[in-house]
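Student: What follows is a single structure, and I will ask about it in a moment.
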Amino acid sequence: MKKTILALFVIASSISYSQEIQLVKDYVEVLEKKGQEPVKFVNNLLNDIDLLIFDDALHLAKEPFDFYQELMKNNPFRNKIKYIFIEVFSTNSQPNINKYFSSAIKDDTILLPVFQNDYSGYGWRYKTYLDLLGTVWDVNSQLSESEKIQVICVNQPIYWSAIQTRKEYDLFQQSLIGRDYFMYKIIAKSLDDFKSGEKGIFLTNTRHAYKGIKKPNGEFYWNTGTFLNQWHPGKSYSIRLHNVALSIQSRLDSISRPSTEGLDRISYSWIRMDNGLWEKAFKENGNVPVAISLEKNVFGKTSYVGNHMLNVAGNQTMYDAYDGLIFLAPLEKLTFSAKVDFIYTDSFVQELKRRILLLQGDQLSEFLIENGVNSLDTFIKELVKYQQPKKNTLVPKETN
């Protein structure tokens with residue numbers, strides 16, 4: 001009996017291994033036949049598409065912003081686009097963005113309010129965003145006024161000076177229920193509802209980039225990308241920049257002070273796509289940067305994983321979420337952005353202390369213990385230090 005069970009196990013394992021080898025071959029075949037160099041892929045799309053939506057997978061990922069800067073330095077790309085829409089910058093930061101780009105010298109201090117007034121209250125620290133703005137400034141300095149690229153903030157405004165209690169912050173969070181529609185309207189208005197023929201790119205994070213994920217009842221999750229795709233068909237194109245993927249196991253209901261990010265409200269893990277088969281295919285392809293359409297191929301037919309997976313129609317795939325995919329480097333070589341310190345002026349450090357006290361309230365002691373410090377001053381002292389880029393720590397171990 002034991003020998004029979006063992007034999008069946010060996011046969012099943014052999015079949016599974018053979019299926020995996022075949023699937024990797026199918027993936028590689030797509031890369032070899034349909035793959036394009038990423039910059040060329042983007043430029044080709046812009047011949048017919050008005051808005052490219054880029055999902056960076058992780059806001060702190062460095063490689064997507066290296067790629068965006070590469071695009072900015074590419075003449076064909078630069079000559080095609082008029083707008084860069086940035087999710088994380090609030091519309092009330094637009095005057096500072098405009099002032100920065102109209103300045104005769106590149107003065108990062110003009111951007112202080114842009115980076116200080118994020119939704120978390122702690123300040124938006126990722127150097128990648130500052131580097132991108134600097135590259136756009138450099139490019140614009142060589143262009144005529146009519147040719148200059150415009151950076152547009154699309155996030156709902158936040159006025160920290162008006163938020164004096166945790167209850168007021170919670171009310172602000174409730175206002176974000178219409179955030180995706182708000183961002184859609186800012187983008188559509190800038191592009192004259194796609195009547196002007198002007199082109200742009202939207203730099204965002206995962207769920208805002210989805211073009212058409214459905215609930216079990218067939219209704220859409222109305223993400224920014226979905227509004228664009230459904231109401232202006234053929235005008236936008238959503239691209240996933242390859243990284244780890246968010247896999248959600250359950251929802252947590254006992255969070256008393258939820259963040260605007262939302263990850264504290266779910267039980268989740270970071271996974272490799274299709275149990276690592278995508279990575280194996282990229283490796284077989286030489287790990288060269290490559291871009292592909294997800295339409296009618298095995299990549300696009302991969303089962304959907306992501307922000308909506310707890311309540312999603314059973315047949316949803318990655319092509320339902322995105323139109324295309326760009327691979328820049330293997331997961332093991334991906335990095336996190338450096339974190340800047342220049343935004344923490346003396347006055348902002350005092351404001352930061354006020355915000356933390358407001359956000360944490362009577363849970364401040366627990367907050368300090370969780371962060372391994374015995375005082376708020378010590379926490380802030382550690383927080384505001386410059387941090388070098390570091391390896392992506394979310395990459396799961398490879399399974400054989």
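Ligands are numbered from 1 in the order shown, residues from 1 within each chain, and chains are lettered A, B, ... in the order they appear in the structure tokens.
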Taking the DSSP secondary structure from the backbone, can you list the residues of stretch 147-318 of chain A that are helix (DSSP H, G or I), as a ChimeraX atom specification?

Tutor: /A:147,160-162,166-190,192-194,206-209,224-231,263-265,273-284,298-301,309-311,318

Student: If we count only C-alpha atoms and set the cut-off at 9 Å, which residues sit around A:Glu279, ignoring sequence neighbours fewer than 6 positions away in its own chain? Please answer as an MDAnalysis selection string.

Tutor: chainID A and resid 272:273 287 330:331

Student: Write the residues you've just listed into a file as a short mmCIF file (atom, residue, chain, number, x, y, z; two decimals), in the first residue's frame, and include C-alpha atoms for each of them.

Tutor:
data_model
loop_
_atom_site.label_atom_id
_atom_site.label_comp_id
_atom_site.auth_asym_id
_atom_site.auth_seq_id
_atom_site.Cartn_x
_atom_site.Cartn_y
_atom_site.Cartn_z
CA ARG A 272 5.85 35.92 -6.90
CA MET A 273 3.50 35.90 -9.88
CA ASN A 287 16.63 38.78 -17.58
CA PRO A 330 14.73 40.32 -11.52
CA LEU A 331 13.00 40.62 -8.16
#

Student: Neighbours of A:Leu383 within 12 Å (only C-alpha atoms; same-chain residues fewer than 5 positions away dropped), as a list in words?

Tutor: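 Everything that qualifies: Tyr122, Gly123, Trp124, Arg125, Lys339, Val340, Asp341, Ile343, Tyr344, Val349, Leu352, Lys353, Ile356, Asn371, Val373, Leu376, Asp377 and Thr378 of chain A.
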
Student: I'd like to know which of A:Lys73, A:Arg207, A:Lys40, A:Lys34 is closest to A:Asp55, using only C-alpha atoms.

Tutor: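 Going through A:Lys73, A:Arg207, A:Lys40, A:Lys34 one by one, the smallest distance to A:Asp55 is for A:Arg207.
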
Student: Calculated over only C-alpha atoms, which of the candidates A:Ile110, A:Ala338, A:Met309, A:Ile239 has the smallest distance to A:Glu295?

Tutor: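 Nearest to A:Glu295: A:Ile239.
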
Student: Excluding A:Ile158 and residues on its chain fewer than 6 positions from it, collect all residues at most 10 Å away from it, counting only C-alpha atoms, and give them as a PyMOL selection string.

Tutor: chain A and resi 89-93+117-119+121+169+172-173

Student: Considering only C-alpha atoms, can you say which of A:Tyr221, A:Tyr319, A:Trp231, A:Tyr126 comes closest to A:Gln388?

Tutor: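 Between A:Tyr221, A:Tyr319, A:Trp231, A:Tyr126, the residue approaching A:Gln388 most closely is A:Tyr126.
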
Student: Could you check which of A:Phe220, A:Phe227, A:Tyr322, A:Phe348 is closest to A:Lys301, using only C-alpha atoms?

Tutor: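 Closest residue, counting only C-alpha atoms: A:Tyr322.
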
Student: Taking the DSSP assignment computed from this structure's backbone, write out as a PyMOL selection string all residues of stretch 34-232 of chain A that belong to strand (DSSP E or B).

Tutor: chain A and resi 36+51-55+61+81-90+126+150-155+199-204+214+220

Student: Okay, now the selection with N, CA and C atoms, as a short mmCIF file (atom, residue, chain, number, x, y, z; two decimals), in the first residue's frame?

Tutor:
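Saved to result.cif:
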data_model
loop_
_atom_site.label_atom_id
_atom_site.label_comp_id
_atom_site.auth_asym_id
_atom_site.auth_seq_id
_atom_site.Cartn_x
_atom_site.Cartn_y
_atom_site.Cartn_z
N GLN A 36 9.26 43.64 -26.51
CA GLN A 36 9.92 44.81 -27.09
C GLN A 36 10.79 45.48 -26.03
N LEU A 51 -3.11 58.40 -23.15
CA LEU A 51 -2.68 58.36 -21.75
C LEU A 51 -2.17 56.98 -21.38
N LEU A 52 -0.93 56.93 -20.92
CA LEU A 52 -0.36 55.69 -20.40
C LEU A 52 -0.39 55.73 -18.88
N ILE A 53 -0.96 54.68 -18.29
CA ILE A 53 -1.06 54.57 -16.84
C ILE A 53 0.02 53.59 -16.37
N PHE A 54 0.91 54.06 -15.51
CA PHE A 54 1.98 53.21 -15.00
C PHE A 54 1.73 52.85 -13.54
N ASP A 55 1.64 51.56 -13.26
CA ASP A 55 1.53 51.07 -11.89
C ASP A 55 2.92 50.69 -11.40
N ALA A 61 9.34 51.77 -4.69
CA ALA A 61 10.20 51.09 -5.65
C ALA A 61 11.04 52.10 -6.43
N ILE A 81 4.70 63.76 -25.31
CA ILE A 81 3.82 63.97 -24.15
C ILE A 81 3.80 65.43 -23.71
N LYS A 82 2.69 65.79 -23.11
CA LYS A 82 2.49 67.14 -22.58
C LYS A 82 2.35 67.14 -21.06
N TYR A 83 1.82 66.03 -20.51
CA TYR A 83 1.50 66.02 -19.08
C TYR A 83 2.10 64.80 -18.36
N ILE A 84 2.51 65.02 -17.13
CA ILE A 84 2.82 63.94 -16.20
C ILE A 84 1.88 64.12 -15.01
N PHE A 85 0.96 63.18 -14.85
CA PHE A 85 0.01 63.23 -13.73
C PHE A 85 0.58 62.36 -12.60
N ILE A 86 0.65 62.93 -11.39
CA ILE A 86 1.24 62.21 -10.27
C ILE A 86 0.21 62.01 -9.17
N GLU A 87 -0.07 60.75 -8.86
CA GLU A 87 -1.10 60.40 -7.88
C GLU A 87 -0.84 60.99 -6.51
N VAL A 88 0.37 60.86 -5.98
CA VAL A 88 0.59 61.13 -4.56
C VAL A 88 0.65 62.61 -4.20
N PHE A 89 0.72 63.49 -5.19
CA PHE A 89 0.76 64.92 -4.91
C PHE A 89 -0.65 65.50 -4.95
N SER A 90 -1.04 66.18 -3.88
CA SER A 90 -2.39 66.75 -3.77
C SER A 90 -2.54 68.00 -4.61
N TYR A 126 10.32 59.82 -0.42
CA TYR A 126 11.01 59.05 -1.45
C TYR A 126 11.77 59.95 -2.42
N GLN A 150 4.19 69.57 -18.45
CA GLN A 150 3.52 70.03 -17.24
C GLN A 150 3.32 68.87 -16.27
N VAL A 151 3.69 69.08 -15.02
CA VAL A 151 3.44 68.10 -13.96
C VAL A 151 2.16 68.51 -13.25
N ILE A 152 1.20 67.58 -13.20
CA ILE A 152 -0.11 67.87 -12.64
C ILE A 152 -0.35 66.99 -11.40
N CYS A 153 -0.68 67.64 -10.29
CA CYS A 153 -1.04 66.92 -9.06
C CYS A 153 -2.51 66.50 -9.15
N VAL A 154 -2.82 65.26 -8.81
CA VAL A 154 -4.20 64.80 -8.98
C VAL A 154 -4.86 64.30 -7.70
N ASN A 155 -4.12 64.19 -6.60
CA ASN A 155 -4.70 63.69 -5.36
C ASN A 155 -5.64 64.71 -4.75
N LYS A 199 -1.10 64.31 -25.07
CA LYS A 199 -0.80 63.02 -24.45
C LYS A 199 -0.11 63.19 -23.09
N GLY A 200 -0.24 62.16 -22.27
CA GLY A 200 0.38 62.22 -20.95
C GLY A 200 0.59 60.84 -20.37
N ILE A 201 1.20 60.83 -19.19
CA ILE A 201 1.38 59.59 -18.43
C ILE A 201 0.86 59.83 -17.02
N PHE A 202 0.30 58.80 -16.43
CA PHE A 202 -0.23 58.86 -15.07
C PHE A 202 0.59 57.91 -14.22
N LEU A 203 1.31 58.45 -13.24
CA LEU A 203 2.18 57.66 -12.36
C LEU A 203 1.42 57.37 -11.08
N THR A 204 1.12 56.10 -10.87
CA THR A 204 0.25 55.75 -9.76
C THR A 204 0.66 54.43 -9.14
N LYS A 214 -13.76 43.11 -11.88
CA LYS A 214 -15.18 43.02 -11.56
C LYS A 214 -15.44 42.27 -10.24
N PHE A 220 -18.21 46.65 -11.85
CA PHE A 220 -16.80 47.03 -11.80
C PHE A 220 -16.42 47.58 -10.43
#

Student: Point out the residue among A:Pro95, A:Pro389, A:Gly314, A:Pro76 with the least atom-to-atom distance to A:Asn217, counting only C-alpha atoms.

Tutor: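 Once distances to A:Asn217 are computed over only C-alpha atoms, the minimum belongs to A:Gly314.
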